[in-house]
Amino acid sequence: MNQTTLIPDTIELIEQFILASENIDTLKIEELLDEDGAYEIEDETLEVNETSKPEFLKWYTTKLKTTKITDVIYDQCIGCSFGKNIVILNHGTFPIIPQEFTDKTKAGLMLDSHNGKIHRIQFCFSFLKTENKAVCECVGEELVKYIKKGFSEEEAVVMYDANPNSQYSYITKKINDNFC
């Protein structure tokens, strides 16, 4: 009797990767990644670099240990890897968040597979179904709401900055305290 080995497709691998990430199962993540793959990380200077499997695992494990995954959105790339599967974790704030006022508010992970292993993970910022504006656009919309209520631009900035419930405060408070 011949035994057939089924090679998991990209969707299955992504689901396994997410489950392993949620459970901080680094051994499973290591098993899913191709030894010769290319994996993007954000280094200590906040630059995105392509690394090896061991470097990615070290970086990603550190991220998983400091941030719980609470939200998963499945989407597709409409940018450089058009049609590829994208996973947006924690509303796009994991494993990296914007560092510049002109950056997009969300980052996703594009995972690509070959022969039953994830052989590429890269950051993606252009999504089919999920809106992803630049930080400055989002903050500008918030400021316009205050200005339309009759406040000056300076007052609007102060009010936005003082509001701990502002939608994008998780980004703007870390990027720049004086964003106008």
# chains A, B, ... in the order shown; residues from 1 in each chain; ligands from 1
>>> residues_around(residues="region 61-76 of chain A", least_positions_apart="5", cutoff="6 Å", atoms="only C-alpha atoms", output="VMD selection string")
chain A and resid 22 83 to 90 127 to 128
>>> write_last_selection(atoms="C-alpha atoms", output="PDB file, in the first residue's frame")
ATOM      1  CA  GLU A  22      -0.969  32.893  19.598  1.00  0.00           C
ATOM      2  CA  GLY A  83      -2.791  38.670  -4.478  1.00  0.00           C
ATOM      3  CA  LYS A  84      -0.534  37.075  -1.852  1.00  0.00           C
ATOM      4  CA  ASN A  85      -2.052  36.202   1.500  1.00  0.00           C
ATOM      5  CA  ILE A  86      -1.581  38.750   4.266  1.00  0.00           C
ATOM      6  CA  VAL A  87      -2.184  38.399   7.993  1.00  0.00           C
ATOM      7  CA  ILE A  88      -2.823  41.562   9.985  1.00  0.00           C
ATOM      8  CA  LEU A  89      -2.238  41.022  13.700  1.00  0.00           C
ATOM      9  CA  ASN A  90      -3.552  43.224  16.522  1.00  0.00           C
ATOM     10  CA  PHE A 127      -4.294  45.572   1.667  1.00  0.00           C
ATOM     11  CA  LEU A 128      -7.297  44.635  -0.450  1.00  0.00           C
TER      12      LEU A 128
END
>>> residues_around(residues="Leu27 (chain A)", least_positions_apart="6", cutoff="12 Å", atoms="only C-alpha atoms", output="PDB file with N, CA and C atoms, in the first residue's frame")
ATOM      1  N   GLN A  16      -1.560  27.578  10.749  1.00  0.00           N
ATOM      2  CA  GLN A  16      -0.698  26.932  11.733  1.00  0.00           C
ATOM      3  C   GLN A  16       0.277  27.946  12.352  1.00  0.00           C
ATOM      4  N   PHE A  17       0.807  28.847  11.526  1.00  0.00           N
ATOM      5  CA  PHE A  17       1.727  29.873  12.006  1.00  0.00           C
ATOM      6  C   PHE A  17       1.025  30.793  13.009  1.00  0.00           C
ATOM      7  N   ALA A  20       0.336  28.884  16.269  1.00  0.00           N
ATOM      8  CA  ALA A  20       1.596  28.758  17.007  1.00  0.00           C
ATOM      9  C   ALA A  20       2.019  30.106  17.600  1.00  0.00           C
ATOM     10  N   SER A  21       1.778  31.192  16.877  1.00  0.00           N
ATOM     11  CA  SER A  21       2.107  32.528  17.381  1.00  0.00           C
ATOM     12  C   SER A  21       1.231  32.879  18.579  1.00  0.00           C
ATOM     13  N   LEU A  33       8.963  26.971   9.283  1.00  0.00           N
ATOM     14  CA  LEU A  33       9.817  27.821   8.458  1.00  0.00           C
ATOM     15  C   LEU A  33      10.874  27.016   7.711  1.00  0.00           C
ATOM     16  N   PRO A  54      17.139  31.567  11.832  1.00  0.00           N
ATOM     17  CA  PRO A  54      17.477  31.740  13.259  1.00  0.00           C
ATOM     18  C   PRO A  54      17.319  33.178  13.747  1.00  0.00           C
ATOM     19  N   LEU A  57      13.563  33.933  14.055  1.00  0.00           N
ATOM     20  CA  LEU A  57      12.993  33.254  15.223  1.00  0.00           C
ATOM     21  C   LEU A  57      13.341  33.976  16.523  1.00  0.00           C
ATOM     22  N   LYS A  58      14.574  34.418  16.640  1.00  0.00           N
ATOM     23  CA  LYS A  58      14.998  35.153  17.844  1.00  0.00           C
ATOM     24  C   LYS A  58      14.184  36.442  17.986  1.00  0.00           C
ATOM     25  N   THR A  61      10.270  35.667  18.464  1.00  0.00           N
ATOM     26  CA  THR A  61      10.002  35.117  19.796  1.00  0.00           C
ATOM     27  C   THR A  61      10.002  36.227  20.837  1.00  0.00           C
TER      28      THR A  61
END
>>> residues_around(residues="region 95-97 of chain A", least_positions_apart="3", cutoff="9 Å", atoms="only C-alpha atoms", output="PyMOL selection string")
chain A and resi 41-42+60+63-64+67+89-90+92+104-109+123+171
>>> write_last_selection(atoms="all heavy atoms", output="compact mmCIF listing (two decimals), in the first residue's frame")
# COMPACT_ATOMS: atom_id res chain seq x y z
N ILE A 41 12.67 41.40 9.41
CA ILE A 41 12.56 41.84 10.79
C ILE A 41 12.80 43.34 10.84
O ILE A 41 13.28 43.93 9.87
CB ILE A 41 13.55 41.12 11.73
CG1 ILE A 41 15.00 41.50 11.40
CG2 ILE A 41 13.35 39.62 11.71
CD1 ILE A 41 16.00 41.09 12.47
N GLU A 42 12.52 43.92 11.98
CA GLU A 42 12.84 45.32 12.21
C GLU A 42 13.97 45.32 13.24
O GLU A 42 13.79 44.84 14.36
CB GLU A 42 11.60 46.05 12.75
CG GLU A 42 11.79 47.52 12.96
CD GLU A 42 10.51 48.15 13.48
OE1 GLU A 42 10.09 47.81 14.61
OE2 GLU A 42 9.94 48.98 12.76
N TYR A 60 11.27 37.33 16.45
CA TYR A 60 9.83 37.09 16.54
C TYR A 60 9.45 36.54 17.91
O TYR A 60 8.43 36.93 18.48
CB TYR A 60 9.39 36.15 15.42
CG TYR A 60 7.89 36.09 15.23
CD1 TYR A 60 7.17 37.19 14.80
CD2 TYR A 60 7.19 34.90 15.48
CE1 TYR A 60 5.79 37.13 14.63
CE2 TYR A 60 5.82 34.83 15.30
CZ TYR A 60 5.13 35.95 14.87
OH TYR A 60 3.77 35.88 14.70
N LYS A 63 9.25 39.33 20.32
CA LYS A 63 8.01 40.08 20.10
C LYS A 63 6.82 39.35 20.71
O LYS A 63 5.96 39.96 21.36
CB LYS A 63 7.76 40.31 18.60
CG LYS A 63 8.76 41.19 17.93
CD LYS A 63 8.55 42.61 18.35
CE LYS A 63 9.45 43.56 17.61
NZ LYS A 63 9.15 44.94 17.92
N LEU A 64 6.74 38.03 20.49
CA LEU A 64 5.62 37.24 21.02
C LEU A 64 5.58 37.25 22.54
O LEU A 64 4.50 37.25 23.14
CB LEU A 64 5.70 35.80 20.52
CG LEU A 64 5.40 35.57 19.05
CD1 LEU A 64 5.70 34.13 18.68
CD2 LEU A 64 3.95 35.91 18.73
N THR A 67 4.07 40.79 23.62
CA THR A 67 2.77 41.24 23.11
C THR A 67 1.86 40.05 22.83
O THR A 67 2.23 39.15 22.10
CB THR A 67 2.94 42.04 21.79
OG1 THR A 67 3.85 43.11 22.01
CG2 THR A 67 1.61 42.59 21.30
N LEU A 89 -2.11 41.39 12.29
CA LEU A 89 -2.24 41.02 13.70
C LEU A 89 -2.40 42.26 14.58
O LEU A 89 -1.74 43.28 14.36
CB LEU A 89 -0.99 40.24 14.14
CG LEU A 89 -0.69 38.98 13.30
CD1 LEU A 89 0.66 38.41 13.68
CD2 LEU A 89 -1.79 37.95 13.48
N ASN A 90 -3.30 42.13 15.57
CA ASN A 90 -3.55 43.22 16.52
C ASN A 90 -3.83 44.54 15.80
O ASN A 90 -3.23 45.57 16.09
CB ASN A 90 -2.40 43.37 17.52
CG ASN A 90 -2.29 42.19 18.45
OD1 ASN A 90 -3.10 41.26 18.39
ND2 ASN A 90 -1.30 42.21 19.32
N GLY A 92 -2.96 45.49 13.01
CA GLY A 92 -1.83 45.98 12.25
C GLY A 92 -0.70 46.55 13.08
O GLY A 92 0.23 47.15 12.54
N LYS A 104 2.20 54.19 7.10
CA LYS A 104 0.84 53.67 7.19
C LYS A 104 0.56 53.25 8.62
O LYS A 104 1.46 52.91 9.38
CB LYS A 104 0.66 52.48 6.25
CG LYS A 104 0.88 52.80 4.79
CD LYS A 104 -0.21 53.69 4.27
CE LYS A 104 -0.07 53.88 2.76
NZ LYS A 104 -1.20 54.58 2.20
N THR A 105 -0.71 53.25 9.00
CA THR A 105 -1.08 52.94 10.39
C THR A 105 -1.02 51.45 10.70
O THR A 105 -1.00 51.08 11.86
CB THR A 105 -2.50 53.45 10.71
OG1 THR A 105 -3.41 52.90 9.76
CG2 THR A 105 -2.56 54.95 10.69
N LYS A 106 -1.00 50.61 9.67
CA LYS A 106 -1.02 49.17 9.89
C LYS A 106 0.07 48.48 9.09
O LYS A 106 0.39 48.89 7.98
CB LYS A 106 -2.38 48.59 9.46
CG LYS A 106 -3.55 49.11 10.24
CD LYS A 106 -4.85 48.54 9.68
CE LYS A 106 -6.00 48.99 10.52
NZ LYS A 106 -6.71 50.09 10.01
N ALA A 107 0.57 47.39 9.68
CA ALA A 107 1.53 46.53 8.98
C ALA A 107 0.99 45.11 9.04
O ALA A 107 0.45 44.69 10.07
CB ALA A 107 2.90 46.60 9.63
N GLY A 108 1.11 44.40 7.95
CA GLY A 108 0.71 43.00 7.92
C GLY A 108 1.91 42.13 7.58
O GLY A 108 2.99 42.63 7.24
N LEU A 109 1.72 40.83 7.68
CA LEU A 109 2.76 39.89 7.32
C LEU A 109 2.31 39.12 6.09
O LEU A 109 1.24 38.52 6.08
CB LEU A 109 3.01 38.88 8.45
CG LEU A 109 3.60 39.43 9.74
CD1 LEU A 109 3.69 38.33 10.78
CD2 LEU A 109 4.97 40.03 9.48
N PHE A 123 6.96 42.24 5.43
CA PHE A 123 5.95 43.20 5.87
C PHE A 123 5.19 43.71 4.67
O PHE A 123 5.75 43.90 3.59
CB PHE A 123 6.59 44.36 6.63
CG PHE A 123 7.35 43.91 7.84
CD1 PHE A 123 8.70 44.15 7.96
CD2 PHE A 123 6.72 43.23 8.87
CE1 PHE A 123 9.41 43.73 9.07
CE2 PHE A 123 7.42 42.80 9.98
CZ PHE A 123 8.77 43.04 10.09
N ILE A 171 0.00 55.27 18.22
CA ILE A 171 1.06 55.56 17.26
C ILE A 171 1.63 56.95 17.51
O ILE A 171 2.81 57.12 17.70
CB ILE A 171 0.54 55.47 15.81
CG1 ILE A 171 0.06 54.06 15.51
CG2 ILE A 171 1.61 55.90 14.83
CD1 ILE A 171 -0.68 53.95 14.20
>>> residues_around(residues="Thr51 (chain A)", least_positions_apart="6", cutoff="9 Å", atoms="only C-alpha atoms", output="list in words")
Gly37, Ala38, Tyr39, Glu40 and Ile41 of chain A
>>> write_last_selection(atoms="all heavy atoms", output="PDB file, in the first residue's frame")
ATOM      1  N   GLY A  37      14.876  30.006   3.934  1.00  0.00           N
ATOM      2  CA  GLY A  37      13.941  31.080   3.631  1.00  0.00           C
ATOM      3  C   GLY A  37      14.511  32.464   3.896  1.00  0.00           C
ATOM      4  O   GLY A  37      15.612  32.620   4.425  1.00  0.00           O
ATOM      5  N   ALA A  38      13.729  33.472   3.534  1.00  0.00           N
ATOM      6  CA  ALA A  38      14.079  34.877   3.746  1.00  0.00           C
ATOM      7  C   ALA A  38      12.977  35.509   4.581  1.00  0.00           C
ATOM      8  O   ALA A  38      11.792  35.440   4.218  1.00  0.00           O
ATOM      9  CB  ALA A  38      14.222  35.595   2.411  1.00  0.00           C
ATOM     10  N   TYR A  39      13.364  36.128   5.681  1.00  0.00           N
ATOM     11  CA  TYR A  39      12.384  36.622   6.650  1.00  0.00           C
ATOM     12  C   TYR A  39      12.743  38.043   7.067  1.00  0.00           C
ATOM     13  O   TYR A  39      13.887  38.310   7.440  1.00  0.00           O
ATOM     14  CB  TYR A  39      12.353  35.701   7.870  1.00  0.00           C
ATOM     15  CG  TYR A  39      12.201  34.248   7.483  1.00  0.00           C
ATOM     16  CD1 TYR A  39      13.300  33.398   7.412  1.00  0.00           C
ATOM     17  CD2 TYR A  39      10.956  33.743   7.134  1.00  0.00           C
ATOM     18  CE1 TYR A  39      13.160  32.072   7.024  1.00  0.00           C
ATOM     19  CE2 TYR A  39      10.813  32.420   6.753  1.00  0.00           C
ATOM     20  CZ  TYR A  39      11.914  31.592   6.693  1.00  0.00           C
ATOM     21  OH  TYR A  39      11.777  30.286   6.302  1.00  0.00           O
ATOM     22  N   GLU A  40      11.763  38.942   6.989  1.00  0.00           N
ATOM     23  CA  GLU A  40      12.013  40.332   7.364  1.00  0.00           C
ATOM     24  C   GLU A  40      11.814  40.542   8.856  1.00  0.00           C
ATOM     25  O   GLU A  40      10.915  39.967   9.459  1.00  0.00           O
ATOM     26  CB  GLU A  40      11.088  41.274   6.589  1.00  0.00           C
ATOM     27  CG  GLU A  40      11.471  41.428   5.147  1.00  0.00           C
ATOM     28  CD  GLU A  40      10.671  42.481   4.411  1.00  0.00           C
ATOM     29  OE1 GLU A  40       9.633  42.964   4.916  1.00  0.00           O
ATOM     30  OE2 GLU A  40      11.092  42.816   3.294  1.00  0.00           O
ATOM     31  N   ILE A  41      12.670  41.400   9.410  1.00  0.00           N
ATOM     32  CA  ILE A  41      12.555  41.838  10.792  1.00  0.00           C
ATOM     33  C   ILE A  41      12.802  43.342  10.837  1.00  0.00           C
ATOM     34  O   ILE A  41      13.277  43.935   9.865  1.00  0.00           O
ATOM     35  CB  ILE A  41      13.549  41.122  11.734  1.00  0.00           C
ATOM     36  CG1 ILE A  41      14.997  41.502  11.403  1.00  0.00           C
ATOM     37  CG2 ILE A  41      13.347  39.616  11.710  1.00  0.00           C
ATOM     38  CD1 ILE A  41      16.004  41.088  12.471  1.00  0.00           C
TER      39      ILE A  41
END
>>> closest_residue(among="A:Asn49, A:Phe94, A:Leu32, A:Gln99", to="Val135 (chain A)", atoms="only C-alpha atoms")
A:Gln99
>>> atom_distance(atom1="CA of Glu30 (chain A)", atom2="CA of Thr130 (chain A)")
28.8 Å
>>> atom_distance(atom1="CA of Ala134 (chain A)", atom2="CA of Ile11 (chain A)")
28.6 Å
>>> closest_residue(among="A:Glu44, A:Trp59, A:Leu111, A:Thr102", to="Ile18 (chain A)", atoms="only C-alpha atoms")
A:Leu111
>>> residues_around(residues="Ala156 (chain A)", least_positions_apart="3", cutoff="12 Å", atoms="only C-alpha atoms", output="list in words")
Val139, Gly140, Glu141, Glu142, Leu143, Val144, Lys145, Tyr146, Ile147, Lys148, Lys149, Gly150, Phe151, Ser152, Glu153, Met159, Tyr160, Asp161, Ala162, Asn163, Phe179 and Cys180 of chain A
>>> atom_distance(atom1="CA of Asp36 (chain A)", atom2="CA of Asn23 (chain A)")
24.7 Å
>>> select_by_dssp(residues="region 14-118 of chain A", states="strand (DSSP E)", output="VMD selection string")
chain A and resid 33 to 42 48 to 51 72 to 76 85 to 89 108 to 114 117 to 118
>>> select_by_dssp(residues="region 20-173 of chain A", states="alpha helix (DSSP H)", output="ChimeraX atom specification")
/A:20-22,26-32,53-66,135-148,153-162,169-173
>>> closest_residue(among="A:Lys28, A:Lys117, A:His91, A:Lys53", to="Asn132 (chain A)", atoms="only C-alpha atoms")
A:His91
